[in-house]
file query-v3.csv (CSV, N, CA and C atoms)
chain,number,residue,atom,x,y,z
P,694,MET,N,-66.5,-33.9,83.7
P,694,MET,CA,-66.7,-33.0,84.7
P,694,MET,C,-68.1,-33.0,85.2
P,695,ALA,N,-68.6,-34.0,85.8
P,695,ALA,CA,-69.9,-34.1,86.2
P,695,ALA,C,-70.1,-33.3,87.5
P,696,LYS,N,-71.2,-32.6,87.5
P,696,LYS,CA,-71.5,-31.7,88.7
P,696,LYS,C,-72.3,-32.4,89.7
P,697,ALA,N,-71.9,-32.5,90.9
P,697,ALA,CA,-72.6,-33.1,92.0
P,697,ALA,C,-73.8,-32.2,92.4
P,698,ALA,N,-74.8,-32.9,92.9
P,698,ALA,CA,-75.9,-32.1,93.5
P,698,ALA,C,-75.5,-31.2,94.6
P,699,VAL,N,-75.9,-30.0,94.7
P,699,VAL,CA,-75.5,-29.1,95.7
P,699,VAL,C,-76.6,-29.0,96.8
P,700,LYS,N,-76.1,-29.2,98.0
P,700,LYS,CA,-77.0,-29.1,99.2
P,700,LYS,C,-77.1,-27.6,99.6
P,701,GLY,N,-78.3,-27.2,100.1
P,701,GLY,CA,-78.5,-25.9,100.6
P,701,GLY,C,-79.1,-25.0,99.5
P,702,LYS,N,-79.6,-23.8,100.0
P,702,LYS,CA,-80.3,-22.8,99.1
P,702,LYS,C,-79.5,-21.5,99.0
P,703,GLY,N,-78.3,-21.5,99.6
P,703,GLY,CA,-77.5,-20.2,99.5
P,703,GLY,C,-78.0,-19.1,100.3
P,704,THR,N,-78.7,-19.4,101.4
P,704,THR,CA,-79.1,-18.4,102.4
P,704,THR,C,-78.4,-18.7,103.7
P,705,LYS,N,-78.4,-17.7,104.6
P,705,LYS,CA,-77.8,-17.9,105.9
P,705,LYS,C,-78.3,-19.1,106.6
P,706,ASP,N,-79.6,-19.3,106.6
P,706,ASP,CA,-80.3,-20.4,107.3
P,706,ASP,C,-80.1,-21.8,106.5
P,707,SER,N,-79.8,-21.7,105.3
P,707,SER,CA,-79.6,-22.9,104.4
P,707,SER,C,-78.5,-22.7,103.4
P,708,PRO,N,-77.2,-22.6,104.0
P,708,PRO,CA,-76.1,-22.3,103.1
P,708,PRO,C,-75.8,-23.5,102.1
P,709,TRP,N,-75.2,-23.1,101.0
P,709,TRP,CA,-74.7,-24.2,100.1
P,709,TRP,C,-73.6,-24.9,100.8
P,710,VAL,N,-73.6,-26.2,100.6
P,710,VAL,CA,-72.5,-27.1,101.1
P,710,VAL,C,-71.7,-27.5,99.8
P,711,LEU,N,-70.5,-27.0,99.7
P,711,LEU,CA,-69.7,-27.1,98.5
P,711,LEU,C,-68.4,-27.8,98.8
P,712,LEU,N,-67.7,-28.2,97.7
P,712,LEU,CA,-66.3,-28.7,97.8
P,712,LEU,C,-65.4,-27.8,97.0
P,713,THR,N,-64.2,-27.6,97.5
P,713,THR,CA,-63.2,-26.9,96.7
P,713,THR,C,-63.0,-27.6,95.4
P,714,PRO,N,-62.5,-26.9,94.3
P,714,PRO,CA,-62.3,-27.6,93.0
P,714,PRO,C,-61.7,-28.9,93.1
P,715,PRO,N,-60.6,-29.2,93.8
P,715,PRO,CA,-60.0,-30.5,93.8
P,715,PRO,C,-60.9,-31.5,94.5
P,716,GLY,N,-61.9,-31.1,95.2
P,716,GLY,CA,-62.9,-32.0,95.9
P,716,GLY,C,-62.4,-32.5,97.2
P,717,LYS,N,-61.4,-31.9,97.8
P,717,LYS,CA,-60.8,-32.4,99.1
P,717,LYS,C,-61.4,-31.7,100.3
P,718,SER,N,-61.9,-30.5,100.2
P,718,SER,CA,-62.3,-29.7,101.4
P,718,SER,C,-63.8,-29.2,101.2
P,719,GLU,N,-64.6,-29.4,102.2
P,719,GLU,CA,-65.9,-29.0,102.2
P,719,GLU,C,-66.0,-27.6,102.9
P,720,TYR,N,-66.9,-26.8,102.4
P,720,TYR,CA,-67.1,-25.5,103.0
P,720,TYR,C,-68.6,-25.1,102.7
P,721,MET,N,-69.0,-24.0,103.4
P,721,MET,CA,-70.4,-23.5,103.2
P,721,MET,C,-70.3,-22.1,102.7
P,722,ALA,N,-71.3,-21.7,101.9
P,722,ALA,CA,-71.4,-20.3,101.4
P,722,ALA,C,-72.8,-19.9,101.3
P,723,TYR,N,-73.1,-18.6,101.4
P,723,TYR,CA,-74.4,-18.0,101.2
P,723,TYR,C,-74.3,-16.6,100.8
P,724,ARG,N,-75.3,-16.1,100.2
P,724,ARG,CA,-75.4,-14.7,99.8
P,724,ARG,C,-76.0,-13.9,100.9
P,725,ASP,N,-75.4,-12.7,101.2
P,725,ASP,CA,-75.9,-11.8,102.2
P,725,ASP,C,-76.1,-10.5,101.5
P,726,PRO,N,-77.2,-10.3,100.8
P,726,PRO,CA,-77.5,-9.0,100.1
P,726,PRO,C,-77.7,-7.8,101.0
P,727,ALA,N,-78.0,-8.1,102.3
P,727,ALA,CA,-78.2,-7.0,103.3
P,727,ALA,C,-76.9,-6.4,103.9
P,728,ALA,N,-75.8,-7.1,103.7
P,728,ALA,CA,-74.5,-6.7,104.2
P,728,ALA,C,-74.1,-5.4,103.6
P,729,ASP,N,-73.2,-4.7,104.2
P,729,ASP,CA,-72.7,-3.4,103.6
P,729,ASP,C,-71.2,-3.6,103.4
P,730,PRO,N,-70.7,-3.8,102.2
P,730,PRO,CA,-71.4,-4.0,101.0
P,730,PRO,C,-72.0,-5.5,100.9
P,731,PRO,N,-72.9,-5.7,100.0
P,731,PRO,CA,-73.5,-7.0,99.9
P,731,PRO,C,-72.4,-8.0,99.7
P,732,ALA,N,-72.5,-9.2,100.3
P,732,ALA,CA,-71.4,-10.1,100.4
P,732,ALA,C,-71.8,-11.6,100.0
P,733,LEU,N,-70.8,-12.3,99.5
P,733,LEU,CA,-70.8,-13.7,99.5
P,733,LEU,C,-70.0,-14.2,100.7
P,734,VAL,N,-70.7,-14.9,101.6
P,734,VAL,CA,-70.1,-15.3,102.8
P,734,VAL,C,-69.7,-16.7,102.7
P,735,VAL,N,-68.4,-17.0,103.0
P,735,VAL,CA,-67.8,-18.4,102.9
P,735,VAL,C,-67.4,-18.8,104.3
P,736,THR,N,-67.8,-19.9,104.8
P,736,THR,CA,-67.3,-20.5,106.1
P,736,THR,C,-66.5,-21.7,105.8
P,737,VAL,N,-65.3,-21.7,106.3
P,737,VAL,CA,-64.4,-22.9,106.2
P,737,VAL,C,-64.0,-23.2,107.6
P,738,GLY,N,-64.5,-24.3,108.2
P,738,GLY,CA,-64.3,-24.6,109.6
P,738,GLY,C,-64.9,-23.5,110.4
P,739,LYS,N,-64.1,-22.8,111.2
P,739,LYS,CA,-64.6,-21.7,112.0
P,739,LYS,C,-64.2,-20.3,111.4
P,740,THR,N,-63.6,-20.4,110.2
P,740,THR,CA,-63.1,-19.1,109.6
P,740,THR,C,-64.2,-18.6,108.6
P,741,GLU,N,-64.5,-17.3,108.7
P,741,GLU,CA,-65.4,-16.7,107.8
P,741,GLU,C,-64.7,-15.8,106.8
P,742,LEU,N,-64.9,-16.0,105.5
P,742,LEU,CA,-64.4,-15.1,104.5
P,742,LEU,C,-65.5,-14.4,103.9
P,743,ARG,N,-65.3,-13.2,103.4
P,743,ARG,CA,-66.4,-12.4,102.7
P,743,ARG,C,-65.8,-11.9,101.4
P,744,TYR,N,-66.6,-12.0,100.4
P,744,TYR,CA,-66.2,-11.4,99.1
P,744,TYR,C,-67.4,-10.5,98.6
P,745,HIS,N,-67.1,-9.5,97.8
P,745,HIS,CA,-68.1,-8.7,97.3
P,745,HIS,C,-69.1,-9.6,96.5
P,746,LEU,N,-70.4,-9.5,96.8
P,746,LEU,CA,-71.4,-10.3,96.2
P,746,LEU,C,-71.4,-10.2,94.7
P,747,ARG,N,-71.1,-9.0,94.2
P,747,ARG,CA,-71.0,-8.7,92.8
P,747,ARG,C,-70.0,-9.6,92.0
P,748,CYS,N,-69.1,-10.2,92.8
P,748,CYS,CA,-68.0,-11.0,92.1
P,748,CYS,C,-68.6,-12.1,91.2
P,749,LEU,N,-69.8,-12.6,91.6
P,749,LEU,CA,-70.4,-13.7,90.8
P,749,LEU,C,-70.7,-13.2,89.4
P,750,ASP,N,-71.4,-12.0,89.3
P,750,ASP,CA,-71.7,-11.4,88.0
P,750,ASP,C,-70.5,-10.9,87.3
P,751,ASP,N,-69.6,-10.2,88.0
P,751,ASP,CA,-68.4,-9.6,87.4
P,751,ASP,C,-67.5,-10.7,86.8
P,752,LEU,N,-67.3,-11.8,87.6
P,752,LEU,CA,-66.5,-12.9,87.1
P,752,LEU,C,-67.1,-13.6,85.8
P,753,GLN,N,-68.4,-13.7,85.9
P,753,GLN,CA,-69.0,-14.4,84.7
P,753,GLN,C,-68.9,-13.5,83.4
P,754,VAL,N,-69.0,-12.2,83.6
P,754,VAL,CA,-68.9,-11.2,82.5
P,754,VAL,C,-67.4,-11.3,81.9
P,755,MET,N,-66.5,-11.3,82.8
P,755,MET,CA,-65.1,-11.4,82.4
P,755,MET,C,-64.8,-12.7,81.7
P,756,LEU,N,-65.3,-13.8,82.2
P,756,LEU,CA,-65.1,-15.1,81.6
P,756,LEU,C,-65.7,-15.3,80.3
P,757,LYS,N,-66.9,-14.7,80.1
P,757,LYS,CA,-67.6,-14.7,78.8
P,757,LYS,C,-66.8,-13.9,77.8
P,758,ALA,N,-66.3,-12.8,78.2
P,758,ALA,CA,-65.5,-12.0,77.3
P,758,ALA,C,-64.2,-12.7,76.9
P,759,LYS,N,-63.6,-13.5,77.8
P,759,LYS,CA,-62.4,-14.3,77.5
P,759,LYS,C,-62.8,-15.4,76.5
P,760,GLY,N,-64.0,-16.0,76.8
P,760,GLY,CA,-64.4,-17.0,75.9
P,760,GLY,C,-63.7,-18.4,75.9
P,761,ASP,N,-62.9,-18.6,76.9
P,761,ASP,CA,-62.1,-19.9,76.9
P,761,ASP,C,-61.9,-20.2,78.4
P,762,TRP,N,-61.3,-21.4,78.6
P,762,TRP,CA,-60.9,-21.8,79.9
P,762,TRP,C,-59.9,-20.8,80.5
P,763,MET,N,-59.9,-20.6,81.8
P,763,MET,CA,-59.0,-19.8,82.6
P,763,MET,C,-58.5,-20.5,83.8
P,764,PRO,N,-57.2,-20.6,84.0
P,764,PRO,CA,-56.7,-21.3,85.2
P,764,PRO,C,-57.2,-20.6,86.5
P,765,LEU,N,-57.4,-21.3,87.5
P,765,LEU,CA,-57.9,-20.8,88.8
P,765,LEU,C,-56.7,-20.1,89.6
P,766,GLY,N,-55.7,-20.8,89.8
P,766,GLY,CA,-54.5,-20.2,90.5
P,766,GLY,C,-54.7,-19.7,91.9
P,767,SER,N,-55.5,-20.4,92.7
P,767,SER,CA,-55.8,-20.0,94.0
P,767,SER,C,-54.5,-19.8,94.9
P,768,ALA,N,-54.5,-18.7,95.7
P,768,ALA,CA,-53.4,-18.4,96.5
P,768,ALA,C,-53.9,-17.6,97.7
P,769,ASP,N,-53.2,-17.8,98.9
P,769,ASP,CA,-53.5,-17.0,100.1
P,769,ASP,C,-53.2,-15.5,99.8
P,770,GLU,N,-53.7,-14.6,100.6
P,770,GLU,CA,-53.5,-13.2,100.4
P,770,GLU,C,-52.0,-12.8,100.4
P,771,GLN,N,-51.3,-13.5,101.3
P,771,GLN,CA,-49.9,-13.1,101.5
P,771,GLN,C,-49.0,-13.6,100.4
P,772,LYS,N,-49.5,-14.4,99.5
P,772,LYS,CA,-48.7,-14.9,98.3
P,772,LYS,C,-49.2,-14.2,97.1
P,773,PRO,N,-48.2,-14.0,96.1
P,773,PRO,CA,-48.6,-13.4,94.8
P,773,PRO,C,-49.5,-14.4,94.0
P,774,ALA,N,-50.4,-13.9,93.3
P,774,ALA,CA,-51.2,-14.7,92.4
P,774,ALA,C,-50.5,-14.8,91.0
P,775,ALA,N,-50.5,-15.9,90.4
P,775,ALA,CA,-49.9,-16.1,89.1
P,775,ALA,C,-50.7,-15.3,88.0
P,776,ALA,N,-50.0,-14.6,87.2
P,776,ALA,CA,-50.6,-13.8,86.1
P,776,ALA,C,-51.5,-14.7,85.3
P,777,GLY,N,-52.6,-14.0,84.8
P,777,GLY,CA,-53.5,-14.7,83.9
P,777,GLY,C,-54.5,-15.7,84.6
P,778,THR,N,-54.6,-15.7,85.9
P,778,THR,CA,-55.4,-16.6,86.6
P,778,THR,C,-56.7,-15.9,87.2
P,779,VAL,N,-57.7,-16.6,87.6
P,779,VAL,CA,-58.8,-16.1,88.2
P,779,VAL,C,-58.4,-15.4,89.5
P,780,GLU,N,-57.5,-16.0,90.2
P,780,GLU,CA,-57.1,-15.3,91.5
P,780,GLU,C,-56.4,-14.0,91.2
P,781,ALA,N,-55.6,-13.9,90.2
P,781,ALA,CA,-55.0,-12.6,89.9
P,781,ALA,C,-56.0,-11.6,89.5
P,782,TRP,N,-57.0,-12.0,88.7
P,782,TRP,CA,-58.1,-11.1,88.3
P,782,TRP,C,-58.9,-10.6,89.6
P,783,GLY,N,-59.1,-11.5,90.5
P,783,GLY,CA,-59.8,-11.1,91.8
P,783,GLY,C,-59.1,-10.1,92.7
P,784,ARG,N,-57.8,-9.8,92.3
P,784,ARG,CA,-57.0,-8.8,93.1
P,784,ARG,C,-56.6,-7.6,92.2
P,785,ALA,N,-56.9,-7.7,90.9
P,785,ALA,CA,-56.3,-6.7,90.0
P,785,ALA,C,-56.9,-5.3,90.1
P,786,LYS,N,-56.1,-4.3,90.0
P,786,LYS,CA,-56.6,-2.9,90.1
P,786,LYS,C,-57.5,-2.6,88.9
P,787,ASP,N,-57.5,-3.3,87.8
P,787,ASP,CA,-58.4,-3.0,86.7
P,787,ASP,C,-59.6,-3.9,86.6
P,788,ASN,N,-59.9,-4.6,87.7
P,788,ASN,CA,-61.2,-5.4,87.7
P,788,ASN,C,-62.3,-4.4,88.2
P,789,PRO,N,-63.6,-4.8,88.1
P,789,PRO,CA,-64.7,-3.8,88.3
P,789,PRO,C,-64.7,-3.2,89.7
P,790,VAL,N,-64.1,-3.8,90.7
P,790,VAL,CA,-64.1,-3.2,92.1
P,790,VAL,C,-62.7,-2.4,92.3
P,791,GLY,N,-61.8,-2.5,91.4
P,791,GLY,CA,-60.6,-1.8,91.5
P,791,GLY,C,-59.6,-2.4,92.5
P,792,GLY,N,-59.6,-3.7,92.6
P,792,GLY,CA,-58.7,-4.4,93.6
P,792,GLY,C,-59.3,-5.6,94.1
P,793,TRP,N,-59.1,-5.9,95.4
P,793,TRP,CA,-59.5,-7.1,96.0
P,793,TRP,C,-61.0,-7.3,96.1
P,794,TYR,N,-61.5,-8.4,95.7
P,794,TYR,CA,-62.9,-8.8,95.9
P,794,TYR,C,-63.1,-9.2,97.4
P,795,GLY,N,-62.1,-9.8,98.0
P,795,GLY,CA,-62.1,-10.2,99.4
P,795,GLY,C,-62.3,-8.9,100.3
P,796,LEU,N,-63.1,-9.1,101.3
P,796,LEU,CA,-63.5,-7.9,102.1
P,796,LEU,C,-62.8,-7.9,103.5
P,797,LYS,N,-62.2,-9.0,103.9
P,797,LYS,CA,-61.6,-9.1,105.2
P,797,LYS,C,-60.0,-9.1,105.0
P,798,LYS,N,-59.4,-8.0,105.4
P,798,LYS,CA,-57.9,-8.0,105.3
P,798,LYS,C,-57.3,-9.2,106.0
P,799,GLY,N,-56.4,-9.8,105.4
P,799,GLY,CA,-55.8,-11.0,106.0
P,799,GLY,C,-56.5,-12.3,105.5
P,800,LEU,N,-57.7,-12.1,105.0
P,800,LEU,CA,-58.5,-13.3,104.5
P,800,LEU,C,-59.1,-13.0,103.1
P,801,ARG,N,-58.4,-12.1,102.3
P,801,ARG,CA,-58.9,-11.7,101.0
P,801,ARG,C,-58.5,-12.7,99.9
P,802,GLY,N,-57.6,-13.5,100.1
P,802,GLY,CA,-57.1,-14.4,99.1
P,802,GLY,C,-58.0,-15.6,99.0
P,803,ARG,N,-57.6,-16.6,98.2
P,803,ARG,CA,-58.3,-17.9,98.0
P,803,ARG,C,-59.7,-17.6,97.3
P,804,PHE,N,-59.8,-16.5,96.6
P,804,PHE,CA,-60.9,-16.2,95.8
P,804,PHE,C,-61.2,-17.3,94.8
P,805,ALA,N,-60.2,-17.8,94.1
P,805,ALA,CA,-60.3,-18.8,93.1
P,805,ALA,C,-60.5,-20.2,93.7
P,806,ASN,N,-60.5,-20.3,95.0
P,806,ASN,CA,-60.7,-21.6,95.6
P,806,ASN,C,-62.2,-21.7,96.0
P,807,TYR,N,-62.8,-20.6,96.4
P,807,TYR,CA,-64.2,-20.6,97.0
P,807,TYR,C,-65.3,-20.1,96.1
P,808,VAL,N,-65.0,-19.1,95.2
P,808,VAL,CA,-66.0,-18.5,94.3
P,808,VAL,C,-66.4,-19.4,93.1
P,809,PRO,N,-65.4,-20.1,92.4
P,809,PRO,CA,-65.8,-20.9,91.3
P,809,PRO,C,-66.8,-22.0,91.6
P,810,PRO,N,-66.7,-22.7,92.7
P,810,PRO,CA,-67.8,-23.7,93.0
P,810,PRO,C,-69.2,-23.1,93.2
P,811,VAL,N,-69.2,-21.9,93.8
P,811,VAL,CA,-70.5,-21.2,93.9
P,811,VAL,C,-71.1,-20.9,92.5
P,812,MET,N,-70.2,-20.4,91.6
P,812,MET,CA,-70.7,-20.1,90.3
P,812,MET,C,-71.1,-21.4,89.6
P,813,GLU,N,-70.4,-22.5,89.8
P,813,GLU,CA,-70.9,-23.8,89.3
P,813,GLU,C,-72.2,-24.2,89.8
P,814,ALA,N,-72.4,-24.0,91.1
P,814,ALA,CA,-73.7,-24.4,91.7
P,814,ALA,C,-74.9,-23.5,91.1
P,815,LEU,N,-74.5,-22.3,90.8
P,815,LEU,CA,-75.5,-21.4,90.2
P,815,LEU,C,-75.7,-21.6,88.7
P,816,ARG,N,-74.9,-22.5,88.1
P,816,ARG,CA,-74.8,-22.8,86.7
P,816,ARG,C,-74.4,-21.5,85.9
P,817,LEU,N,-73.5,-20.8,86.4
P,817,LEU,CA,-72.9,-19.6,85.7
P,817,LEU,C,-71.5,-20.0,85.1
P,818,ALA,N,-71.0,-21.1,85.5
P,818,ALA,CA,-69.6,-21.5,85.0
P,818,ALA,C,-69.4,-23.0,85.2
P,819,GLU,N,-68.5,-23.5,84.4
P,819,GLU,CA,-68.0,-24.9,84.5
P,819,GLU,C,-66.7,-24.8,85.1
P,820,VAL,N,-66.4,-25.8,86.1
P,820,VAL,CA,-65.2,-25.8,86.8
P,820,VAL,C,-64.6,-27.2,86.7
P,821,GLU,N,-63.3,-27.3,86.5
P,821,GLU,CA,-62.6,-28.6,86.5
P,821,GLU,C,-62.4,-29.0,87.9
P,822,HIS,N,-62.3,-30.3,88.1
P,822,HIS,CA,-62.2,-30.9,89.5
P,822,HIS,C,-61.0,-31.9,89.5
P,823,ASN,N,-59.9,-31.5,89.0
P,823,ASN,CA,-58.7,-32.3,89.1
P,823,ASN,C,-57.9,-32.1,90.4
P,824,ALA,N,-56.9,-32.9,90.7
P,824,ALA,CA,-56.2,-32.8,91.9
P,824,ALA,C,-55.5,-31.4,92.0
P,825,LYS,N,-55.1,-30.9,90.9
P,825,LYS,CA,-54.5,-29.5,90.9
P,825,LYS,C,-54.6,-28.9,89.5
P,826,ASN,N,-54.2,-27.6,89.3
P,826,ASN,CA,-54.2,-26.9,88.0
P,826,ASN,C,-55.6,-26.9,87.4
P,827,ASN,N,-56.6,-26.6,88.2
P,827,ASN,CA,-58.0,-26.6,87.7
P,827,ASN,C,-58.2,-25.2,86.9
P,828,ARG,N,-59.2,-25.3,86.1
P,828,ARG,CA,-59.6,-24.1,85.3
P,828,ARG,C,-61.2,-24.0,85.3
P,829,MET,N,-61.6,-22.8,84.8
P,829,MET,CA,-63.1,-22.6,84.7
P,829,MET,C,-63.4,-21.8,83.5
P,830,LYS,N,-64.6,-21.9,83.1
P,830,LYS,CA,-65.1,-21.0,81.9
P,830,LYS,C,-66.6,-20.7,82.2
P,831,ALA,N,-67.0,-19.6,81.6
P,831,ALA,CA,-68.4,-19.2,81.7
P,831,ALA,C,-69.3,-20.1,81.0
P,832,LEU,N,-70.5,-20.3,81.5
P,832,LEU,CA,-71.6,-21.0,80.7
P,832,LEU,C,-72.5,-20.0,80.1
call {"tool": "encode", "arguments": {"input": "query-v3.csv", "output": "structure tokens"}}
result
Amino acid sequence: MAKAAVKGKGTKDSPWVLLTPPGKSEYMAYRDPAADPPALVVTVGKTELRYHLRCLDDLQVMLKAKGDWMPLGSADEQKPAAAGTVEAWGRAKDNPVGGWYGLKKGLRGRFANYVPPVMEALRLAEVEHNAKNNRMKAL
């Protein structure tokens, strides 16, 4: 699981240029601490998704407590997330934000597709890069 060099600094003017875990789709992401609430902004083509910025810290804490690999299980908002996955945790009523980390209704899903590569770029987690069924764990 070699990690490729990440382009960008994670700012609006110099976003990270990342690949989804399977490595098939490129997207950009940056931190916007001045947003209300502070956000992790993800741009896929012309679509902008926003997640609570605290998701990076909260997910790392949860993964460290778990202490093992966790399946990603990425799914659109309109589809149910498989139990025991990062995606399900990103929507769970018992997570630190009490529900969805996604901030834009209709675009709240795919948490497990876009947040793990950011965490990998920040060296907070290790992410698998297989064609499907990828997992992650905290570093």
call {"tool": "select_by_dssp", "arguments": {"input": "query-v3.csv", "residues": "range 727-832 of chain P", "states": "strand (DSSP E)", "output": "list in words"}}
result
Ala732, Leu733, Val734, Val735, Thr736, Val737, Thr740, Glu741, Leu742, Arg743, Tyr744, His745, Met763, Pro764, Ala818, Glu819, Val820, Arg828, Met829, Lys830 and Ala831 of chain P
call {"tool": "residues_around", "arguments": {"input": "query-v3.csv", "residues": "Arg724 in chain P", "least_positions_apart": "4", "cutoff": "5 Å", "atoms": "only N, CA and C atoms", "output": "ChimeraX atom specification"}}
result
/P:703-704,732-734
call {"tool": "write_last_selection", "arguments": {"input": "query-v3.csv", "atoms": "N, CA and C atoms", "output": "mmCIF file, in the frame of the given file"}}
result
data_model
loop_
_atom_site.group_PDB
_atom_site.id
_atom_site.type_symbol
_atom_site.label_atom_id
_atom_site.label_comp_id
_atom_site.auth_asym_id
_atom_site.auth_seq_id
_atom_site.Cartn_x
_atom_site.Cartn_y
_atom_site.Cartn_z
ATOM 1 N N GLY P 703 -78.300 -21.500 99.600
ATOM 2 C CA GLY P 703 -77.500 -20.200 99.500
ATOM 3 C C GLY P 703 -78.000 -19.100 100.300
ATOM 4 N N THR P 704 -78.700 -19.400 101.400
ATOM 5 C CA THR P 704 -79.100 -18.400 102.400
ATOM 6 C C THR P 704 -78.400 -18.700 103.700
ATOM 7 N N ALA P 732 -72.500 -9.200 100.300
ATOM 8 C CA ALA P 732 -71.400 -10.100 100.400
ATOM 9 C C ALA P 732 -71.800 -11.600 100.000
ATOM 10 N N LEU P 733 -70.800 -12.300 99.500
ATOM 11 C CA LEU P 733 -70.800 -13.700 99.500
ATOM 12 C C LEU P 733 -70.000 -14.200 100.700
ATOM 13 N N VAL P 734 -70.700 -14.900 101.600
ATOM 14 C CA VAL P 734 -70.100 -15.300 102.800
ATOM 15 C C VAL P 734 -69.700 -16.700 102.700
#
call {"tool": "select_by_dssp", "arguments": {"input": "query-v3.csv", "residues": "chain P", "states": "alpha helix (DSSP H)", "output": "list in words"}}
result
Cys748, Leu749, Asp750, Asp751, Leu752, Gln753, Val754, Met755, Leu756, Lys757, Ala758, Lys759, Val779, Glu780, Ala781, Trp782, Phe804, Ala805, Asn806, Tyr807, Val808, Pro809, Pro810, Val811, Met812, Glu813 and Ala814 of chain P
call {"tool": "residues_near_point", "arguments": {"input": "query-v3.csv", "point": "(-62.8, -21.1, 105.8)", "cutoff": "12 Å", "atoms": "only C-alpha atoms", "output": "PyMOL selection string"}}
result
chain P and resi 711-713+718-722+734-743+769+800-804+806-807
call {"tool": "atom_distance", "arguments": {"input": "query-v3.csv", "atom1": "CA of Arg828 in chain P", "atom2": "CA of Leu765 in chain P"}}
result
5.1 Å
call {"tool": "residues_around", "arguments": {"input": "query-v3.csv", "residues": "Met829 in chain P", "least_positions_apart": "6", "cutoff": "6.5 Å", "atoms": "all atoms listed in the file", "output": "ChimeraX atom specification"}}
result
/P:761-765,818-821
